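Some notes on the structure that comes next.
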Amino acid sequence: MSPVLQAPESGHYTSMSLGGCAPADPVSDPPRWKKILYKRQPFPDNYVDKSFLEELRKNIYVRRYSYWAVVFESAMVIQQLCSVCSFSVVWWYMDQDLLSPQKLCGVGLAITLLGYLLFDAVDKGSGRKECGRTRWDDLKSSLVFIAFTYGFSPVLKTLTESISTDTIYAMSVLMLIGHLVFFDYGANAAVVSSTMSINMAIFASVCLASRLPRSLHAFTMVTFAIQIFALWPSLQRKLRAYTPGIYICVTFVFALFSVAGLLSISGVGALLFSILLISVAFLCPYCLIRLQLFKDNIHGPWDEAVIKEDLSRFYD
């Protein structure tokens, strides 16, 4: 039986057991918020606690560029600009009857043979062994292309007679710009398409070749377009991968020849083209590196979930 005691001041009675004080009710801990959706929680839908921002990360994918490394990478862009410039200059000389198709064929054939030998010498034929092609296969492909193009050169000459010259020039300019945009400069982007790039360049060459005086001019122009837009970039990549020093020297010499050829046509055009090349080679890399300082990308638990585990074992 528990004695009943009276509190001295309040006048209330307190019940005490003989074994000591009565245990108090335990105070339950407040519920903790969890970042889950499958469980009902006593919090609003837009509630987050202080731990939500603990996973905040800033600029975790920012790349650190070296200025001269970016300048080296810009050489491929410069070479493509020079290729378009050289093609346009050669077409203008042939349109003005200042360059004979026989001379262009001879020079183009000599440079192609030299580039072909250099292509094999750079990697000592390892690329050819991987592709499983022989020199005889390359010779047959070249002969088939030359015979096909020469046989259809009269058709190419009269292909666009019903189209105005201004329209032909406008289409050619758009196609050459598209060639520069879609060219594979080594970037992993959706806009890159080597097939579309070369097709647009060949389409521009066919359009311009149709405005030349004779069928032999058209054949020579299309052949030169294949050499400068299809074969030349392959040699560029080989030199860039195996001999970077020679690659830079070739780029510099090619740029000089392109500017000199354009200078023989227009001094203003050569000046503007030189400014463009210098800007692409030196100013654009500087701007790219400076703009990296202003990046402020945030990453955290609000990003979309990315499954990194290989789930191919679950496929049928």
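Chain lettering (A, B, ...) mirrors the order of the structure tokens, residue numbering begins at 1 for each chain separately, and ligand numbering begins at 1 in order of display.
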
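Using only C-alpha atoms, the protein and nucleic acid residues lying no more than 8 Å from segment 223-236 of chain A, apart from those fewer than 6 places from it along its own chain, are Met76, Ser83, Phe87, Cys105, Gly108, Thr112, Gly115, Phe119, Ile146, Thr149, Ile198, Ala201, Ile202, Ser205 and Tyr247 of chain A.
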
**Request:** Check segment 138-296 of chain A with DSSP on the backbone and list each residue it calls alpha helix (DSSP H), as an NGL selection string.
**Result:** :A and (138-151 or 153-157 or 165-182 or 194-209 or 215-226 or 232-242 or 244-263 or 267-278 or 284-291)

**Fill in**
Across A:Ala187, A:Leu288, A:Val84, A:Ala255, the smallest distance to Ile275 of chain A, with only C-alpha atoms counted, is shown by A:Ala255

**Request:** May I have the residues within 9 Å of Val89 of chain A as a PyMOL selection string, using only C-alpha atoms and disregarding those fewer than 2 positions away in the same chain?
**Result:** chain A and resi 84-87+91-94+258+261-262+265

Save out the residues we just selected, N, CA and C atoms, as a JSON list (two decimals), in the first residue's frame.
```json
[["chain", "number", "residue", "atom", "x", "y", "z"],
["A", 84, "VAL", "N", 38.95, 25.10, -98.14],
["A", 84, "VAL", "CA", 37.86, 25.78, -98.83],
["A", 84, "VAL", "C", 38.38, 26.98, -99.61],
["A", 85, "CYS", "N", 39.30, 27.72, -99.01],
["A", 85, "CYS", "CA", 39.89, 28.89, -99.69],
["A", 85, "CYS", "C", 40.66, 28.45, -100.94],
["A", 86, "SER", "N", 41.48, 27.41, -100.83],
["A", 86, "SER", "CA", 42.26, 26.94, -101.98],
["A", 86, "SER", "C", 41.36, 26.43, -103.10],
["A", 87, "PHE", "N", 40.32, 25.71, -102.72],
["A", 87, "PHE", "CA", 39.38, 25.22, -103.73],
["A", 87, "PHE", "C", 38.72, 26.38, -104.48],
["A", 91, "TRP", "N", 39.18, 27.25, -108.46],
["A", 91, "TRP", "CA", 38.01, 27.35, -109.34],
["A", 91, "TRP", "C", 37.99, 28.70, -110.05],
["A", 92, "TRP", "N", 38.32, 29.78, -109.36],
["A", 92, "TRP", "CA", 38.31, 31.11, -109.99],
["A", 92, "TRP", "C", 39.35, 31.18, -111.11],
["A", 93, "TYR", "N", 40.53, 30.60, -110.88],
["A", 93, "TYR", "CA", 41.56, 30.61, -111.92],
["A", 93, "TYR", "C", 41.11, 29.83, -113.15],
["A", 94, "MET", "N", 40.43, 28.70, -112.92],
["A", 94, "MET", "CA", 39.96, 27.93, -114.07],
["A", 94, "MET", "C", 38.79, 28.62, -114.76],
["A", 258, "SER", "N", 47.51, 29.41, -99.15],
["A", 258, "SER", "CA", 46.11, 29.81, -99.32],
["A", 258, "SER", "C", 45.97, 31.33, -99.31],
["A", 261, "GLY", "N", 47.44, 32.69, -102.57],
["A", 261, "GLY", "CA", 46.53, 32.51, -103.69],
["A", 261, "GLY", "C", 45.38, 33.49, -103.65],
["A", 262, "LEU", "N", 44.84, 33.72, -102.45],
["A", 262, "LEU", "CA", 43.74, 34.69, -102.34],
["A", 262, "LEU", "C", 44.23, 36.11, -102.57],
["A", 265, "ILE", "N", 44.05, 37.39, -106.04],
["A", 265, "ILE", "CA", 42.71, 37.73, -106.52],
["A", 265, "ILE", "C", 42.20, 39.01, -105.88]]
```

**All residues 7 Å or closer to Ala75 of chain A, only C-alpha atoms, same chain fewer than 3 positions away omitted, as an MDAnalysis selection string** = chainID A and resid 71:72 78:79 251 281

With all heavy atoms retained, export the selected residues as a PDB file, in the first residue's frame.
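Heads up, here's the output in selection-v1.pdb:
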```pdb
ATOM      1  N   VAL A  71      45.745  25.781 -79.062  1.00  0.00           N
ATOM      2  CA  VAL A  71      46.262  26.308 -80.329  1.00  0.00           C
ATOM      3  C   VAL A  71      46.597  25.160 -81.280  1.00  0.00           C
ATOM      4  O   VAL A  71      46.319  25.222 -82.490  1.00  0.00           O
ATOM      5  CB  VAL A  71      47.489  27.197 -80.076  1.00  0.00           C
ATOM      6  CG1 VAL A  71      48.165  27.573 -81.391  1.00  0.00           C
ATOM      7  CG2 VAL A  71      47.086  28.460 -79.327  1.00  0.00           C
ATOM      8  N   PHE A  72      47.177  24.107 -80.735  1.00  0.00           N
ATOM      9  CA  PHE A  72      47.490  22.935 -81.572  1.00  0.00           C
ATOM     10  C   PHE A  72      46.215  22.300 -82.132  1.00  0.00           C
ATOM     11  O   PHE A  72      46.173  21.907 -83.307  1.00  0.00           O
ATOM     12  CB  PHE A  72      48.271  21.917 -80.734  1.00  0.00           C
ATOM     13  CG  PHE A  72      48.552  20.629 -81.459  1.00  0.00           C
ATOM     14  CD1 PHE A  72      49.591  20.549 -82.372  1.00  0.00           C
ATOM     15  CD2 PHE A  72      47.770  19.512 -81.234  1.00  0.00           C
ATOM     16  CE1 PHE A  72      49.849  19.359 -83.039  1.00  0.00           C
ATOM     17  CE2 PHE A  72      48.015  18.321 -81.904  1.00  0.00           C
ATOM     18  CZ  PHE A  72      49.062  18.247 -82.801  1.00  0.00           C
ATOM     19  N   ILE A  78      41.910  25.406 -89.016  1.00  0.00           N
ATOM     20  CA  ILE A  78      42.632  26.259 -89.963  1.00  0.00           C
ATOM     21  C   ILE A  78      42.828  25.530 -91.290  1.00  0.00           C
ATOM     22  O   ILE A  78      42.670  26.113 -92.376  1.00  0.00           O
ATOM     23  CB  ILE A  78      43.979  26.688 -89.352  1.00  0.00           C
ATOM     24  CG1 ILE A  78      43.745  27.624 -88.176  1.00  0.00           C
ATOM     25  CG2 ILE A  78      44.862  27.356 -90.392  1.00  0.00           C
ATOM     26  CD1 ILE A  78      44.995  27.983 -87.427  1.00  0.00           C
ATOM     27  N   GLN A  79      43.174  24.245 -91.217  1.00  0.00           N
ATOM     28  CA  GLN A  79      43.390  23.504 -92.461  1.00  0.00           C
ATOM     29  C   GLN A  79      42.113  23.385 -93.279  1.00  0.00           C
ATOM     30  O   GLN A  79      42.149  23.463 -94.515  1.00  0.00           O
ATOM     31  CB  GLN A  79      43.944  22.119 -92.126  1.00  0.00           C
ATOM     32  CG  GLN A  79      45.368  22.150 -91.595  1.00  0.00           C
ATOM     33  CD  GLN A  79      46.158  20.931 -92.013  1.00  0.00           C
ATOM     34  OE1 GLN A  79      45.781  20.212 -92.935  1.00  0.00           O
ATOM     35  NE2 GLN A  79      47.267  20.699 -91.348  1.00  0.00           N
ATOM     36  N   THR A 251      50.614  22.685 -91.734  1.00  0.00           N
ATOM     37  CA  THR A 251      49.496  23.619 -91.564  1.00  0.00           C
ATOM     38  C   THR A 251      49.931  25.051 -91.845  1.00  0.00           C
ATOM     39  O   THR A 251      49.225  25.813 -92.520  1.00  0.00           O
ATOM     40  CB  THR A 251      48.929  23.514 -90.138  1.00  0.00           C
ATOM     41  OG1 THR A 251      48.531  22.167 -89.886  1.00  0.00           O
ATOM     42  CG2 THR A 251      47.746  24.437 -89.955  1.00  0.00           C
ATOM     43  N   ALA A 281      43.359  30.756 -84.590  1.00  0.00           N
ATOM     44  CA  ALA A 281      44.543  30.094 -84.038  1.00  0.00           C
ATOM     45  C   ALA A 281      44.930  30.620 -82.662  1.00  0.00           C
ATOM     46  O   ALA A 281      45.359  29.831 -81.798  1.00  0.00           O
ATOM     47  CB  ALA A 281      45.717  30.250 -85.000  1.00  0.00           C
TER      48      ALA A 281
END
```

**Request:** Could you please determine the separation between atom CA of Glu73 of chain A and atom CA of Thr195 of chain A in Å, to one decimal place?
**Result:**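 Distance between the two atoms: 21.7 Å.
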
**Asked** Could you name the residues that touch Val122 of chain A at 12 Å or less, counting only C-alpha atoms, but leaving out those on the same chain fewer than 2 positions away, as a list of chain:residue names?
**Response**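 These residues fall inside the cut-off: A:Gly115, A:Tyr116, A:Leu117, A:Leu118, A:Phe119, A:Asp120, A:Lys124, A:Gly125, A:Ser126, A:Gly127, A:Arg128, A:Leu235, A:Gln236, A:Arg237, A:Lys238, A:Leu239, A:Arg240, A:Ala241, A:Tyr242, A:Thr243, A:Pro244, A:Ile246, A:Tyr247.
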
Those same residues, written as a PDB file, in the first residue's frame with N, CA, C and O atoms?
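Okay, part-v5.pdb is ready:
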```pdb
ATOM      1  N   GLY A 115      51.524  12.391-101.249  1.00  0.00           N
ATOM      2  CA  GLY A 115      50.760  12.201-100.016  1.00  0.00           C
ATOM      3  C   GLY A 115      50.468  10.743 -99.733  1.00  0.00           C
ATOM      4  O   GLY A 115      50.458  10.315 -98.574  1.00  0.00           O
ATOM      5  N   TYR A 116      50.258   9.951-100.793  1.00  0.00           N
ATOM      6  CA  TYR A 116      49.997   8.524-100.622  1.00  0.00           C
ATOM      7  C   TYR A 116      51.216   7.813-100.034  1.00  0.00           C
ATOM      8  O   TYR A 116      51.100   6.994 -99.111  1.00  0.00           O
ATOM      9  N   LEU A 117      52.389   8.143-100.546  1.00  0.00           N
ATOM     10  CA  LEU A 117      53.616   7.550-100.008  1.00  0.00           C
ATOM     11  C   LEU A 117      53.873   8.016 -98.580  1.00  0.00           C
ATOM     12  O   LEU A 117      54.299   7.226 -97.727  1.00  0.00           O
ATOM     13  N   LEU A 118      53.607   9.290 -98.317  1.00  0.00           N
ATOM     14  CA  LEU A 118      53.791   9.807 -96.959  1.00  0.00           C
ATOM     15  C   LEU A 118      52.810   9.169 -95.984  1.00  0.00           C
ATOM     16  O   LEU A 118      53.154   8.901 -94.823  1.00  0.00           O
ATOM     17  N   PHE A 119      51.590   8.898 -96.453  1.00  0.00           N
ATOM     18  CA  PHE A 119      50.576   8.274 -95.606  1.00  0.00           C
ATOM     19  C   PHE A 119      51.042   6.893 -95.136  1.00  0.00           C
ATOM     20  O   PHE A 119      50.811   6.499 -93.989  1.00  0.00           O
ATOM     21  N   ASP A 120      51.668   6.140 -96.029  1.00  0.00           N
ATOM     22  CA  ASP A 120      52.170   4.820 -95.649  1.00  0.00           C
ATOM     23  C   ASP A 120      53.446   4.913 -94.827  1.00  0.00           C
ATOM     24  O   ASP A 120      53.687   4.082 -93.943  1.00  0.00           O
ATOM     25  N   LYS A 124      54.233   3.346 -91.113  1.00  0.00           N
ATOM     26  CA  LYS A 124      54.930   2.157 -91.604  1.00  0.00           C
ATOM     27  C   LYS A 124      53.967   1.062 -92.059  1.00  0.00           C
ATOM     28  O   LYS A 124      54.215  -0.135 -91.879  1.00  0.00           O
ATOM     29  N   GLY A 125      52.835   1.479 -92.623  1.00  0.00           N
ATOM     30  CA  GLY A 125      51.894   0.537 -93.200  1.00  0.00           C
ATOM     31  C   GLY A 125      50.989  -0.170 -92.219  1.00  0.00           C
ATOM     32  O   GLY A 125      50.251  -1.077 -92.613  1.00  0.00           O
ATOM     33  N   SER A 126      51.006   0.223 -90.940  1.00  0.00           N
ATOM     34  CA  SER A 126      50.155  -0.456 -89.950  1.00  0.00           C
ATOM     35  C   SER A 126      48.673  -0.207 -90.222  1.00  0.00           C
ATOM     36  O   SER A 126      47.841  -1.102 -90.033  1.00  0.00           O
ATOM     37  N   GLY A 127      48.335   1.006 -90.647  1.00  0.00           N
ATOM     38  CA  GLY A 127      46.935   1.300 -90.955  1.00  0.00           C
ATOM     39  C   GLY A 127      46.422   0.475 -92.116  1.00  0.00           C
ATOM     40  O   GLY A 127      45.278   0.016 -92.125  1.00  0.00           O
ATOM     41  N   ARG A 128      47.259   0.260 -93.117  1.00  0.00           N
ATOM     42  CA  ARG A 128      46.845  -0.553 -94.265  1.00  0.00           C
ATOM     43  C   ARG A 128      46.630  -2.013 -93.845  1.00  0.00           C
ATOM     44  O   ARG A 128      45.697  -2.670 -94.297  1.00  0.00           O
ATOM     45  N   LEU A 235      45.168  12.403 -94.537  1.00  0.00           N
ATOM     46  CA  LEU A 235      46.603  12.606 -94.291  1.00  0.00           C
ATOM     47  C   LEU A 235      46.817  13.545 -93.108  1.00  0.00           C
ATOM     48  O   LEU A 235      47.758  13.365 -92.329  1.00  0.00           O
ATOM     49  N   GLN A 236      45.958  14.532 -92.958  1.00  0.00           N
ATOM     50  CA  GLN A 236      46.055  15.427 -91.795  1.00  0.00           C
ATOM     51  C   GLN A 236      45.990  14.649 -90.486  1.00  0.00           C
ATOM     52  O   GLN A 236      46.820  14.841 -89.586  1.00  0.00           O
ATOM     53  N   ARG A 237      44.995  13.778 -90.371  1.00  0.00           N
ATOM     54  CA  ARG A 237      44.822  13.023 -89.117  1.00  0.00           C
ATOM     55  C   ARG A 237      46.015  12.109 -88.857  1.00  0.00           C
ATOM     56  O   ARG A 237      46.427  11.927 -87.706  1.00  0.00           O
ATOM     57  N   LYS A 238      46.557  11.531 -89.924  1.00  0.00           N
ATOM     58  CA  LYS A 238      47.713  10.655 -89.745  1.00  0.00           C
ATOM     59  C   LYS A 238      48.927  11.445 -89.256  1.00  0.00           C
ATOM     60  O   LYS A 238      49.635  11.015 -88.331  1.00  0.00           O
ATOM     61  N   LEU A 239      49.176  12.588 -89.846  1.00  0.00           N
ATOM     62  CA  LEU A 239      50.295  13.424 -89.405  1.00  0.00           C
ATOM     63  C   LEU A 239      50.075  13.935 -87.986  1.00  0.00           C
ATOM     64  O   LEU A 239      51.014  14.006 -87.185  1.00  0.00           O
ATOM     65  N   ARG A 240      48.865  14.286 -87.665  1.00  0.00           N
ATOM     66  CA  ARG A 240      48.550  14.804 -86.329  1.00  0.00           C
ATOM     67  C   ARG A 240      48.778  13.748 -85.250  1.00  0.00           C
ATOM     68  O   ARG A 240      49.227  14.059 -84.144  1.00  0.00           O
ATOM     69  N   ALA A 241      48.498  12.486 -85.575  1.00  0.00           N
ATOM     70  CA  ALA A 241      48.630  11.421 -84.591  1.00  0.00           C
ATOM     71  C   ALA A 241      50.076  10.956 -84.421  1.00  0.00           C
ATOM     72  O   ALA A 241      50.488  10.616 -83.302  1.00  0.00           O
ATOM     73  N   TYR A 242      50.857  10.953 -85.501  1.00  0.00           N
ATOM     74  CA  TYR A 242      52.190  10.364 -85.442  1.00  0.00           C
ATOM     75  C   TYR A 242      53.309  11.403 -85.448  1.00  0.00           C
ATOM     76  O   TYR A 242      54.350  11.167 -84.819  1.00  0.00           O
ATOM     77  N   THR A 243      53.139  12.493 -86.157  1.00  0.00           N
ATOM     78  CA  THR A 243      54.210  13.500 -86.250  1.00  0.00           C
ATOM     79  C   THR A 243      53.616  14.894 -86.030  1.00  0.00           C
ATOM     80  O   THR A 243      53.354  15.619 -86.999  1.00  0.00           O
ATOM     81  N   PRO A 244      53.382  15.285 -84.775  1.00  0.00           N
ATOM     82  CA  PRO A 244      52.767  16.603 -84.519  1.00  0.00           C
ATOM     83  C   PRO A 244      53.596  17.766 -85.036  1.00  0.00           C
ATOM     84  O   PRO A 244      53.032  18.780 -85.483  1.00  0.00           O
ATOM     85  N   ILE A 246      55.619  17.905 -87.744  1.00  0.00           N
ATOM     86  CA  ILE A 246      55.407  18.027 -89.191  1.00  0.00           C
ATOM     87  C   ILE A 246      53.993  18.519 -89.480  1.00  0.00           C
ATOM     88  O   ILE A 246      53.765  19.297 -90.416  1.00  0.00           O
ATOM     89  N   TYR A 247      53.045  18.098 -88.668  1.00  0.00           N
ATOM     90  CA  TYR A 247      51.654  18.519 -88.847  1.00  0.00           C
ATOM     91  C   TYR A 247      51.517  20.039 -88.712  1.00  0.00           C
ATOM     92  O   TYR A 247      50.840  20.688 -89.521  1.00  0.00           O
TER      93      TYR A 247
END
```

Within 7 Å of segment 218-222 of chain A, which residues of segment 128-161 of chain A come that close, and what is the closest atom pair and distance in Å for each? Count only C-alpha atoms and give it as a tab-separated table.
```
residue	atom	partner	partner_atom	distance
A:Thr149	CA	A:Phe219	CA	6.3
A:Tyr150	CA	A:Phe219	CA	5.7
A:Ser153	CA	A:Phe219	CA	5.3
A:Leu156	CA	A:Ala218	CA	6.8
A:Lys157	CA	A:Ala218	CA	6.2
```

**Asked** Distance atom CA of Ala209 of chain A-atom CA of Cys82 of chain A, one decimal place?
**Response**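 Distance between the two atoms: 19.4 Å.
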
**Request:** Show which residues sit within 12 Å of Ile163 of chain A, as a list of chain:residue names. Count only C-alpha atoms, and ignore same-chain residues fewer than 6 positions away.
**Result:**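 Those residues are A:Tyr169, A:Ala170, A:Met171, A:Cys207, A:Leu208, A:Ser210, A:Arg211.
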
**Request:** Compare A:Ser141, A:Ser66, A:Gln80, A:Ser194 by their minimum atom-to-atom distance to Ile177 of chain A, counting only C-alpha atoms, and give me the closest one.
**Result:**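 Distance minimum relative to Ile177 of chain A lands on A:Gln80.
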